[in-house]
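Okay, data-v7.tsv is below, TSV, C-alpha atoms:
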```tsv
chain	number	residue	atom	x	y	z
A	21	MET	CA	171.77	2.59	127.89
A	22	ALA	CA	171.49	3.04	131.65
A	23	GLN	CA	172.78	6.39	132.86
A	24	PHE	CA	174.92	6.40	135.98
A	25	VAL	CA	175.21	10.18	136.39
A	26	ASP	CA	173.07	13.03	135.10
A	27	TRP	CA	176.06	14.94	133.76
A	28	ASP	CA	174.14	18.09	132.88
A	29	LEU	CA	172.82	18.26	136.43
A	30	ALA	CA	176.30	17.61	137.81
A	31	ALA	CA	177.66	20.55	135.79
A	32	ALA	CA	174.79	22.81	136.84
A	33	THR	CA	175.24	21.86	140.50
A	34	ALA	CA	178.99	22.44	140.40
A	35	GLY	CA	178.46	25.81	138.74
A	36	ALA	CA	175.80	26.87	141.24
A	37	LEU	CA	177.76	25.78	144.32
A	38	SER	CA	181.22	26.96	143.26
A	39	LYS	CA	182.31	29.88	145.39
A	40	SER	CA	183.09	33.16	143.68
A	41	GLY	CA	186.75	33.95	143.35
A	42	PRO	CA	188.67	36.80	144.97
A	43	ALA	CA	187.74	40.31	143.92
A	44	VAL	CA	189.86	41.46	140.98
A	45	SER	CA	189.27	43.98	138.24
A	46	TYR	CA	188.92	42.86	134.62
A	47	ASP	CA	192.34	44.29	133.77
A	48	ASP	CA	193.94	42.55	136.74
A	49	ALA	CA	192.31	39.25	135.78
A	50	MET	CA	193.68	39.55	132.25
A	51	GLN	CA	197.12	40.30	133.65
A	52	VAL	CA	196.98	37.19	135.87
A	53	VAL	CA	196.03	35.00	132.90
A	54	SER	CA	198.77	36.47	130.73
A	55	GLU	CA	201.41	36.06	133.42
A	56	LEU	CA	200.43	32.47	134.20
A	57	ARG	CA	200.80	31.57	130.54
A	58	ALA	CA	204.22	33.21	130.35
A	59	LEU	CA	205.37	31.62	133.62
A	60	THR	CA	204.26	28.20	132.39
A	61	ASP	CA	206.62	28.59	129.42
A	62	GLU	CA	209.41	29.78	131.72
A	63	ALA	CA	208.83	26.89	134.11
A	64	ALA	CA	208.98	24.40	131.23
A	65	GLY	CA	212.54	25.43	130.45
A	66	HIS	CA	213.60	25.21	134.08
A	67	VAL	CA	212.02	21.77	134.55
A	68	THR	CA	213.67	20.34	131.42
A	69	ASP	CA	217.07	21.74	132.40
A	70	TYR	CA	216.81	20.37	135.94
A	71	THR	CA	215.39	16.93	135.18
A	72	GLY	CA	216.86	16.17	131.77
A	73	LEU	CA	213.35	15.21	130.62
A	74	SER	CA	211.73	16.85	127.62
A	75	PRO	CA	208.37	16.29	125.91
A	76	GLN	CA	208.33	13.64	123.19
A	77	VAL	CA	204.95	14.73	121.82
A	78	GLU	CA	203.32	18.01	120.88
A	79	VAL	CA	202.26	19.72	124.10
A	80	PRO	CA	198.91	21.58	124.13
A	81	PRO	CA	199.13	25.12	125.57
A	82	VAL	CA	198.23	25.64	129.20
A	83	ARG	CA	194.58	26.39	129.85
A	84	VAL	CA	193.98	29.02	132.54
A	85	VAL	CA	190.53	28.43	134.03
A	86	ASP	CA	188.18	29.72	136.70
A	87	ARG	CA	186.42	27.47	139.19
A	88	LYS	CA	183.39	26.72	137.02
A	89	ASP	CA	185.58	25.97	134.02
A	90	TRP	CA	187.74	23.65	136.13
A	91	ALA	CA	184.65	21.69	137.19
A	92	ALA	CA	183.37	21.56	133.60
A	93	VAL	CA	186.69	20.22	132.28
A	94	ASN	CA	186.76	17.52	134.95
A	95	ILE	CA	183.17	16.53	134.23
A	96	SER	CA	184.10	16.17	130.57
A	97	GLY	CA	187.06	14.00	131.54
A	98	LEU	CA	185.00	11.84	133.88
A	99	LYS	CA	182.44	11.28	131.13
A	100	GLN	CA	185.18	9.87	128.92
A	101	VAL	CA	185.81	7.24	131.59
A	102	ILE	CA	182.41	6.60	133.17
A	103	ILE	CA	180.17	6.39	130.08
A	104	PRO	CA	182.18	3.59	128.35
A	105	LEU	CA	182.54	1.89	131.74
A	106	VAL	CA	178.80	1.84	132.39
A	107	SER	CA	178.16	0.71	128.82
A	108	ARG	CA	180.53	-2.22	129.19
A	109	LEU	CA	179.29	-3.24	132.64
A	110	THR	CA	175.61	-3.08	131.70
A	111	GLY	CA	175.96	-4.52	128.23
A	112	ASP	CA	174.19	-1.44	126.83
A	113	LYS	CA	170.97	-2.49	128.50
A	114	PRO	CA	168.23	0.14	128.27
A	115	SER	CA	167.57	2.41	131.20
A	116	GLY	CA	165.65	0.91	134.09
A	117	GLY	CA	163.05	3.66	133.95
A	118	LEU	CA	162.09	5.99	136.78
A	119	GLY	CA	164.40	4.38	139.34
A	120	ASP	CA	167.49	4.79	137.19
A	121	ALA	CA	166.44	8.32	136.24
A	122	ILE	CA	166.08	9.35	139.88
A	123	GLY	CA	169.33	7.61	140.81
A	124	SER	CA	171.27	9.35	138.06
A	125	ARG	CA	169.94	12.75	139.12
A	126	VAL	CA	170.80	12.13	142.77
A	127	THR	CA	174.30	11.04	141.78
A	128	GLY	CA	174.56	14.08	139.50
A	129	VAL	CA	173.85	16.43	142.40
A	130	GLN	CA	176.30	14.56	144.63
A	131	ALA	CA	179.07	14.58	142.00
A	132	GLY	CA	178.48	18.28	141.34
A	133	THR	CA	178.74	19.01	145.07
A	134	ILE	CA	182.11	17.27	145.29
A	135	LEU	CA	183.46	19.04	142.19
A	136	ALA	CA	182.28	22.41	143.52
A	137	TYR	CA	184.23	21.81	146.73
A	138	MET	CA	187.36	20.74	144.88
A	139	SER	CA	187.12	23.61	142.38
A	140	GLY	CA	187.71	26.07	145.20
A	141	ARG	CA	190.92	24.38	146.32
A	142	VAL	CA	192.85	22.98	143.37
A	143	LEU	CA	195.63	25.30	142.16
A	144	GLY	CA	196.56	23.32	139.09
A	145	GLN	CA	196.12	19.92	137.49
A	146	TYR	CA	197.35	17.86	134.59
A	147	GLU	CA	194.07	16.42	133.28
A	148	VAL	CA	194.67	13.17	131.38
A	149	PHE	CA	191.19	11.75	130.80
A	150	SER	CA	189.77	14.14	128.20
A	151	GLY	CA	192.33	13.55	125.47
A	152	ASN	CA	195.83	12.51	124.52
A	153	PRO	CA	198.34	13.60	125.82
A	154	GLY	CA	196.31	15.54	128.39
A	155	GLN	CA	196.14	19.21	129.25
A	156	LEU	CA	197.61	21.43	131.94
A	157	LEU	CA	195.03	23.46	133.86
A	158	LEU	CA	195.81	26.40	136.14
A	159	ASN	CA	192.98	27.58	138.39
A	160	ALA	CA	193.59	31.33	138.43
A	161	PRO	CA	191.11	32.38	141.19
A	162	ASN	CA	192.56	29.84	143.62
A	163	ILE	CA	196.15	30.83	142.86
A	164	VAL	CA	195.36	34.50	143.48
A	165	GLU	CA	193.39	33.68	146.64
A	166	VAL	CA	196.17	31.57	148.15
A	167	GLU	CA	198.96	34.01	147.29
A	168	ARG	CA	196.97	36.75	149.03
A	169	LYS	CA	196.33	34.62	152.11
A	170	LEU	CA	200.02	33.76	152.33
A	171	GLY	CA	201.12	37.32	151.69
A	172	ALA	CA	203.40	35.93	148.98
A	173	ASP	CA	205.00	37.84	146.14
A	174	PRO	CA	202.53	37.16	143.28
A	175	ARG	CA	205.06	36.44	140.55
A	176	ASP	CA	207.18	34.23	142.81
A	177	PHE	CA	204.18	32.22	143.99
A	178	ARG	CA	202.78	31.81	140.48
A	179	LEU	CA	206.10	30.57	139.12
A	180	TRP	CA	206.41	28.19	142.09
A	181	VAL	CA	202.99	26.68	141.31
A	182	CYS	CA	203.86	26.46	137.62
A	183	LEU	CA	207.05	24.53	138.38
A	184	HIS	CA	205.04	21.86	140.19
A	185	GLU	CA	202.29	21.56	137.59
A	186	VAL	CA	204.63	21.70	134.57
A	187	THR	CA	206.60	18.83	136.12
A	188	HIS	CA	203.41	16.76	135.99
A	189	ARG	CA	202.98	17.71	132.34
A	190	VAL	CA	206.53	16.61	131.61
A	191	GLN	CA	205.95	13.29	133.37
A	192	PHE	CA	203.11	12.48	130.96
A	193	THR	CA	204.63	13.96	127.78
A	194	ALA	CA	208.28	12.95	128.19
A	195	VAL	CA	207.32	9.38	129.13
A	196	PRO	CA	205.27	8.06	126.18
A	197	TRP	CA	203.79	5.08	128.03
A	198	MET	CA	202.75	6.96	131.21
A	199	ARG	CA	199.23	8.03	130.23
A	200	GLY	CA	198.35	4.63	128.79
A	201	TYR	CA	199.72	2.89	131.87
A	202	PHE	CA	197.74	5.13	134.23
A	203	LEU	CA	194.49	4.69	132.30
A	204	GLY	CA	195.15	0.96	132.08
A	205	GLU	CA	195.47	0.72	135.85
A	206	VAL	CA	192.19	2.61	136.29
A	207	GLN	CA	190.60	0.10	133.92
A	208	ALA	CA	192.22	-2.79	135.81
A	209	PHE	CA	190.68	-1.48	139.03
A	210	VAL	CA	187.25	-1.65	137.40
A	211	ASP	CA	187.90	-5.09	135.88
A	212	ALA	CA	188.83	-6.45	139.31
A	213	SER	CA	185.30	-5.84	140.55
A	214	GLN	CA	183.15	-8.88	141.20
A	215	SER	CA	180.28	-7.94	138.88
A	216	GLY	CA	178.88	-5.09	136.82
A	217	GLU	CA	175.89	-4.33	139.03
A	218	HIS	CA	178.03	-4.65	142.13
A	219	ILE	CA	180.59	-2.06	141.07
A	220	LEU	CA	177.97	0.39	139.79
A	221	GLU	CA	176.19	0.23	143.12
A	222	ARG	CA	179.46	0.67	145.01
A	223	LEU	CA	180.50	3.58	142.80
A	224	ARG	CA	177.17	5.26	143.45
A	225	ARG	CA	177.51	4.58	147.18
A	226	GLY	CA	181.05	5.98	147.13
A	227	VAL	CA	179.88	9.23	145.50
A	228	ALA	CA	177.06	9.47	148.04
A	229	THR	CA	179.48	8.90	150.90
A	230	MET	CA	181.77	11.70	149.76
A	231	SER	CA	178.85	14.05	149.27
A	232	ASP	CA	177.40	13.23	152.72
A	233	VAL	CA	180.65	14.05	154.52
A	234	LEU	CA	180.61	17.53	153.00
A	235	ARG	CA	177.54	18.07	155.18
A	236	ASP	CA	178.44	15.86	158.16
A	237	PRO	CA	182.02	16.25	159.43
A	238	GLU	CA	181.35	13.68	162.15
A	239	SER	CA	180.92	10.91	159.57
A	240	ARG	CA	183.46	8.11	159.86
A	241	ALA	CA	182.82	6.81	156.36
A	242	SER	CA	185.71	6.28	154.01
A	243	VAL	CA	185.99	5.91	150.25
A	244	ILE	CA	188.26	2.95	150.96
A	245	ASP	CA	185.11	1.15	152.07
A	246	ILE	CA	184.16	0.69	148.41
A	247	VAL	CA	187.40	-1.20	147.73
A	248	GLN	CA	186.54	-4.77	148.56
A	249	THR	CA	188.15	-7.32	146.26
A	250	PRO	CA	191.79	-8.46	146.63
A	251	GLY	CA	192.34	-7.66	142.97
A	252	GLN	CA	191.23	-4.07	143.47
A	253	LYS	CA	193.49	-3.67	146.48
A	254	ALA	CA	196.47	-4.85	144.44
A	255	VAL	CA	195.69	-2.31	141.70
A	256	LEU	CA	195.20	0.39	144.32
A	257	ASP	CA	198.67	-0.36	145.70
A	258	ARG	CA	200.18	0.18	142.25
A	259	LEU	CA	198.21	3.39	141.69
A	260	THR	CA	199.21	4.67	145.13
A	261	ALA	CA	202.87	3.98	144.39
A	262	LEU	CA	202.61	5.74	141.02
A	263	MET	CA	200.86	8.83	142.37
A	264	THR	CA	203.26	9.07	145.30
A	265	LEU	CA	206.18	8.98	142.86
A	266	LEU	CA	204.67	11.62	140.56
A	267	GLU	CA	203.72	13.99	143.40
A	268	GLY	CA	207.05	13.54	145.14
A	269	HIS	CA	208.95	14.13	141.92
A	270	ALA	CA	207.04	17.37	141.32
A	271	GLU	CA	207.79	18.52	144.88
A	272	PHE	CA	211.48	17.64	144.50
A	273	VAL	CA	211.76	19.54	141.22
A	274	MET	CA	209.96	22.68	142.41
A	275	ASP	CA	212.16	22.82	145.49
A	276	GLY	CA	215.29	22.07	143.48
A	277	VAL	CA	214.65	24.77	140.88
A	278	GLY	CA	213.01	27.27	143.22
A	279	PRO	CA	216.05	28.69	145.04
A	280	GLU	CA	217.69	29.54	141.71
A	281	VAL	CA	214.78	31.46	140.19
A	282	ILE	CA	212.36	32.42	143.00
A	283	PRO	CA	213.85	34.88	145.53
A	284	SER	CA	211.17	34.31	148.19
A	285	VAL	CA	210.81	30.54	147.77
A	286	GLU	CA	211.88	29.69	151.32
A	287	SER	CA	209.17	31.91	152.79
A	288	ILE	CA	206.58	30.59	150.34
A	289	ARG	CA	207.36	26.94	151.15
A	290	SER	CA	207.22	27.55	154.89
A	291	LYS	CA	203.89	29.37	154.75
A	292	PHE	CA	202.42	26.90	152.27
A	293	ASN	CA	203.33	23.90	154.42
A	294	ARG	CA	201.66	25.50	157.43
A	295	ARG	CA	198.56	26.08	155.31
A	296	ARG	CA	198.52	22.44	154.22
A	297	GLU	CA	198.71	21.23	157.80
A	298	SER	CA	196.08	23.59	159.19
A	299	GLY	CA	192.34	23.44	158.83
A	300	ASN	CA	189.22	23.30	160.95
A	301	PRO	CA	187.65	19.92	161.84
A	302	LEU	CA	185.25	20.06	158.88
A	303	GLU	CA	188.08	20.77	156.45
A	304	LYS	CA	190.15	17.92	157.87
A	305	ALA	CA	187.25	15.47	157.67
A	306	ILE	CA	186.59	16.37	154.05
A	307	ARG	CA	190.25	16.21	153.12
A	308	ARG	CA	190.54	12.77	154.66
A	309	LEU	CA	187.49	11.42	152.87
A	310	LEU	CA	188.32	12.85	149.46
A	311	GLY	CA	191.84	11.49	149.69
A	312	ILE	CA	193.48	14.90	150.08
A	313	GLU	CA	195.13	13.85	153.35
A	314	VAL	CA	196.60	10.86	151.52
A	315	LYS	CA	197.79	13.18	148.74
A	316	MET	CA	199.50	15.41	151.31
A	317	ARG	CA	201.37	12.42	152.70
A	318	GLN	CA	202.30	11.45	149.15
A	319	TYR	CA	204.02	14.80	148.68
A	320	ALA	CA	206.32	14.16	151.65
A	321	GLU	CA	206.87	10.41	151.15
A	322	GLY	CA	207.40	10.73	147.41
A	323	ARG	CA	209.80	13.65	147.75
A	324	LYS	CA	211.86	11.70	150.31
A	325	PHE	CA	212.07	8.75	147.91
A	326	VAL	CA	213.16	10.90	144.96
A	327	HIS	CA	215.72	12.71	147.11
A	328	GLY	CA	217.10	9.39	148.36
A	329	VAL	CA	217.47	7.96	144.86
A	330	VAL	CA	219.02	11.11	143.37
A	331	GLU	CA	221.46	11.22	146.29
A	332	ARG	CA	222.56	7.68	145.48
A	333	VAL	CA	222.60	7.54	141.66
A	334	GLY	CA	222.08	11.11	140.46
A	335	MET	CA	219.29	12.57	138.35
A	336	GLU	CA	220.13	10.49	135.30
A	337	GLY	CA	220.06	7.36	137.44
A	338	PHE	CA	216.74	8.39	138.96
A	339	ASN	CA	215.25	8.90	135.50
A	340	LYS	CA	215.46	5.14	134.93
A	341	VAL	CA	212.27	5.10	136.97
A	342	PHE	CA	210.59	6.20	133.74
A	343	ASP	CA	212.12	3.48	131.53
A	344	SER	CA	209.08	1.24	131.75
A	345	PRO	CA	206.30	0.24	134.16
A	346	LEU	CA	208.68	-2.43	135.48
A	347	THR	CA	211.09	0.22	136.79
A	348	LEU	CA	208.44	2.16	138.70
A	349	PRO	CA	208.90	1.86	142.47
A	350	ARG	CA	206.80	-0.69	144.26
A	351	LEU	CA	204.79	0.46	147.24
A	352	ASP	CA	207.25	-1.05	149.74
A	353	GLU	CA	210.22	0.54	147.94
A	354	LEU	CA	208.95	4.10	148.47
A	355	GLY	CA	210.24	3.98	152.03
A	356	ASP	CA	213.44	2.20	151.01
A	357	PRO	CA	215.27	3.93	148.11
A	358	ASP	CA	218.15	1.46	148.45
A	359	ALA	CA	215.80	-1.41	147.59
A	360	TRP	CA	214.72	0.32	144.36
A	361	VAL	CA	218.33	1.17	143.47
A	362	ARG	CA	219.42	-2.44	144.00
A	363	ARG	CA	216.57	-3.81	141.88
A	364	VAL	CA	216.97	-1.35	139.00
A	365	HIS	CA	220.69	-0.48	139.08
A	366	GLY	CA	222.15	-3.49	140.82
A	367	PRO	CA	224.40	-3.44	143.91
A	368	GLN	CA	226.14	-0.12	144.49
A	369	PRO	CA	229.71	0.32	145.76
A	370	ALA	CA	229.98	1.35	149.38
A	371	ILE	CA	230.63	5.03	150.01
A	372	GLY	CA	234.37	5.55	150.41
A	373	GLY	CA	235.05	2.06	149.05
```
For this file, produce the structure as structure tokens.
Amino acid sequence: MAQFVDWDLAAATAGALSKSGPAVSYDDAMQVVSELRALTDEAAGHVTDYTGLSPQVEVPPVRVVDRKDWAAVNISGLKQVIIPLVSRLTGDKPSGGLGDAIGSRVTGVQAGTILAYMSGRVLGQYEVFSGNPGQLLLNAPNIVEVERKLGADPRDFRLWVCLHEVTHRVQFTAVPWMRGYFLGEVQAFVDASQSGEHILERLRRGVATMSDVLRDPESRASVIDIVQTPGQKAVLDRLTALMTLLEGHAEFVMDGVGPEVIPSVESIRSKFNRRRESGNPLEKAIRRLLGIEVKMRQYAEGRKFVHGVVERVGMEGFNKVFDSPLTLPRLDELGDPDAWVRRVHGPQPAIGG
């Protein structure tokens, strides 16, 4: 079978390029890991109490990782998606020889470069590709590094991060259809491509584009350039709406719970928002290309939508968003909570009426 990415080389590249974490003693590192595990359990109780959502499946324990481990887990997850994809698109044709071998190694280096960059920035993640129902990852070196840069109280900041990431875990474990729906939309994006060779070439070009911008901040390339068919754009709209909802919901929950259990949450939020908005030109170029700028907008737009719906129909009414894929907000409804409420709940009585 043709190989799209040299995964071993991708892992080696990510490991070699990942920056070392902040200086901590062995005992301190063990204390951070222990506390993050305990705070994850504490956050789970707060999130369930606040949202009314509780896991419907057995939840794997949180996995506290370093930067290299984070990259390795994500490579494993990507393999679960990419290898069957390439097999299906190529019809299990044998490798094309030297050209394919060189191409897979080049793509391996490029993918490893991207993962190395991301591994130094991601605080936490709910990884859904590797297995069902997914697994919560907390990137300990990045959490410690950011809390130090912000001058935040360590326990407060760690619990604040856990509230956000545990909310994502709840979204995928309290809503039985969520993971399957998300993976189905990813598959639909692939199926909407015009041909097998065409999408493989565009995927490879997309990886190369992202890798190139890490070295050239003046590049005007965009990963959106690889989205060409109308069918793919329609799927992308649905995925964008879903991710905006999930990110906004996590932001809403962490800010709703925070004041009750995190004494310094106001200071943490203020400093963290300034950090999100700052960055040198290279950082901003990379964030834009990798979709991080879009993700940052999703935090704000999604939170505003969730707030608007909860204000109108309460938390229980908002939770109807998770009834089925049909009750998820459409892209145009994210800026118009009233439209979603009317579609899902029907006309609402006027305030004071």
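Residues in contact with Leu29 in chain A at 10 Å, where only C-alpha atoms are counted and same-chain residues fewer than 2 positions away are skipped, are listed as Val25, Asp26, Trp27, Ala31, Ala32, Thr33, Ala34, Gly35, Ser124, Arg125, Val126, Thr127, Gly128, Val129, Gln130, Ala131 and Gly132 of chain A.
Note that the spacing between CA of Tyr319 in chain A and CA of Gln368 in chain A amounts to 27.0 Å.
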When you look at Leu256 in chain A with a cut-off of 9 Å (counting all atoms listed in the file), what residues show up, excluding the ones that are within fewer than 4 positions of it in the same chain? I need them as a compact mmCIF listing (two decimals) with C-alpha atoms, keeping the file's coordinate frame.
```txt
# COMPACT_ATOMS: atom_id res chain seq x y z
CA GLU A 205 195.47 0.72 135.85
CA VAL A 206 192.19 2.61 136.29
CA PHE A 209 190.68 -1.48 139.03
CA VAL A 247 187.40 -1.20 147.73
CA GLY A 251 192.34 -7.66 142.97
CA GLN A 252 191.23 -4.07 143.47
CA THR A 260 199.21 4.67 145.13
CA ALA A 261 202.87 3.98 144.39
```
(message) Can you measure CA of Leu59 in chain A to CA of Asp89 in chain A for me? One decimal in Å is fine.
(response) 20.6 Å
(request) Pick out the closest residue to Pro279 in chain A from this set: A:Leu266, A:Val210, A:Leu346, A:Leu183. Count all atoms listed in the file. (result) A:Leu183
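CA of Ser344 in chain A to CA of Leu158 in chain A spans 28.8 Å [interatomic distance, one decimal].
Closest approach to Met198 in chain A among A:Gly355, A:Pro345, A:Pro283, A:Gly366: A:Pro345, based on only C-alpha atoms.
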(message) Show me, as a PyMOL selection string, the residues that have an atom within 9 Å of Ala91 in chain A when counting only C-alpha atoms, minus same-chain residues fewer than 2 positions from it.
(response) chain A and resi 31+34-35+38+86-89+93-96+132+135-136+138-139
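Close contacts of range 290-294 of chain A, defined as residues with an atom at most 12 Å away when counting all atoms listed in the file, with chain neighbours fewer than 3 positions off set aside, comprise Ile163, Val166, Glu167, Arg168, Lys169, Leu170, Gly171, Ala172, Phe177, Trp180, Val181, Glu271, Asp275, Ser284, Val285, Glu286, Ser287, Glu297, Ser298, Gly299, Met316, Arg317, Tyr319 and Ala320 of chain A.
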For those residues, write C-alpha atoms to a file as a short mmCIF file (atom, residue, chain, number, x, y, z; two decimals), in the coordinates of the input.
```cif
data_model
loop_
_atom_site.label_atom_id
_atom_site.label_comp_id
_atom_site.auth_asym_id
_atom_site.auth_seq_id
_atom_site.Cartn_x
_atom_site.Cartn_y
_atom_site.Cartn_z
CA ILE A 163 196.15 30.83 142.86
CA VAL A 166 196.17 31.57 148.15
CA GLU A 167 198.96 34.01 147.29
CA ARG A 168 196.97 36.75 149.03
CA LYS A 169 196.33 34.62 152.11
CA LEU A 170 200.02 33.76 152.33
CA GLY A 171 201.12 37.32 151.69
CA ALA A 172 203.40 35.93 148.98
CA PHE A 177 204.18 32.22 143.99
CA TRP A 180 206.41 28.19 142.09
CA VAL A 181 202.99 26.68 141.31
CA GLU A 271 207.79 18.52 144.88
CA ASP A 275 212.16 22.82 145.49
CA SER A 284 211.17 34.31 148.19
CA VAL A 285 210.81 30.54 147.77
CA GLU A 286 211.88 29.69 151.32
CA SER A 287 209.17 31.91 152.79
CA GLU A 297 198.71 21.23 157.80
CA SER A 298 196.08 23.59 159.19
CA GLY A 299 192.34 23.44 158.83
CA MET A 316 199.50 15.41 151.31
CA ARG A 317 201.37 12.42 152.70
CA TYR A 319 204.02 14.80 148.68
CA ALA A 320 206.32 14.16 151.65
#
```
(request) Would you kindly identify which residues have an atom no farther than 8 Å from (204.2, 8.8, 144.9), using all atoms listed in the file and the file's own coordinates, and write them out as a list in words? (result) Thr260, Ala261, Leu262, Met263, Thr264, Leu265, Leu266, Glu267, Gly268, His269, Gln318, Tyr319, Glu321, Gly322, Arg323 and Leu354 of chain A
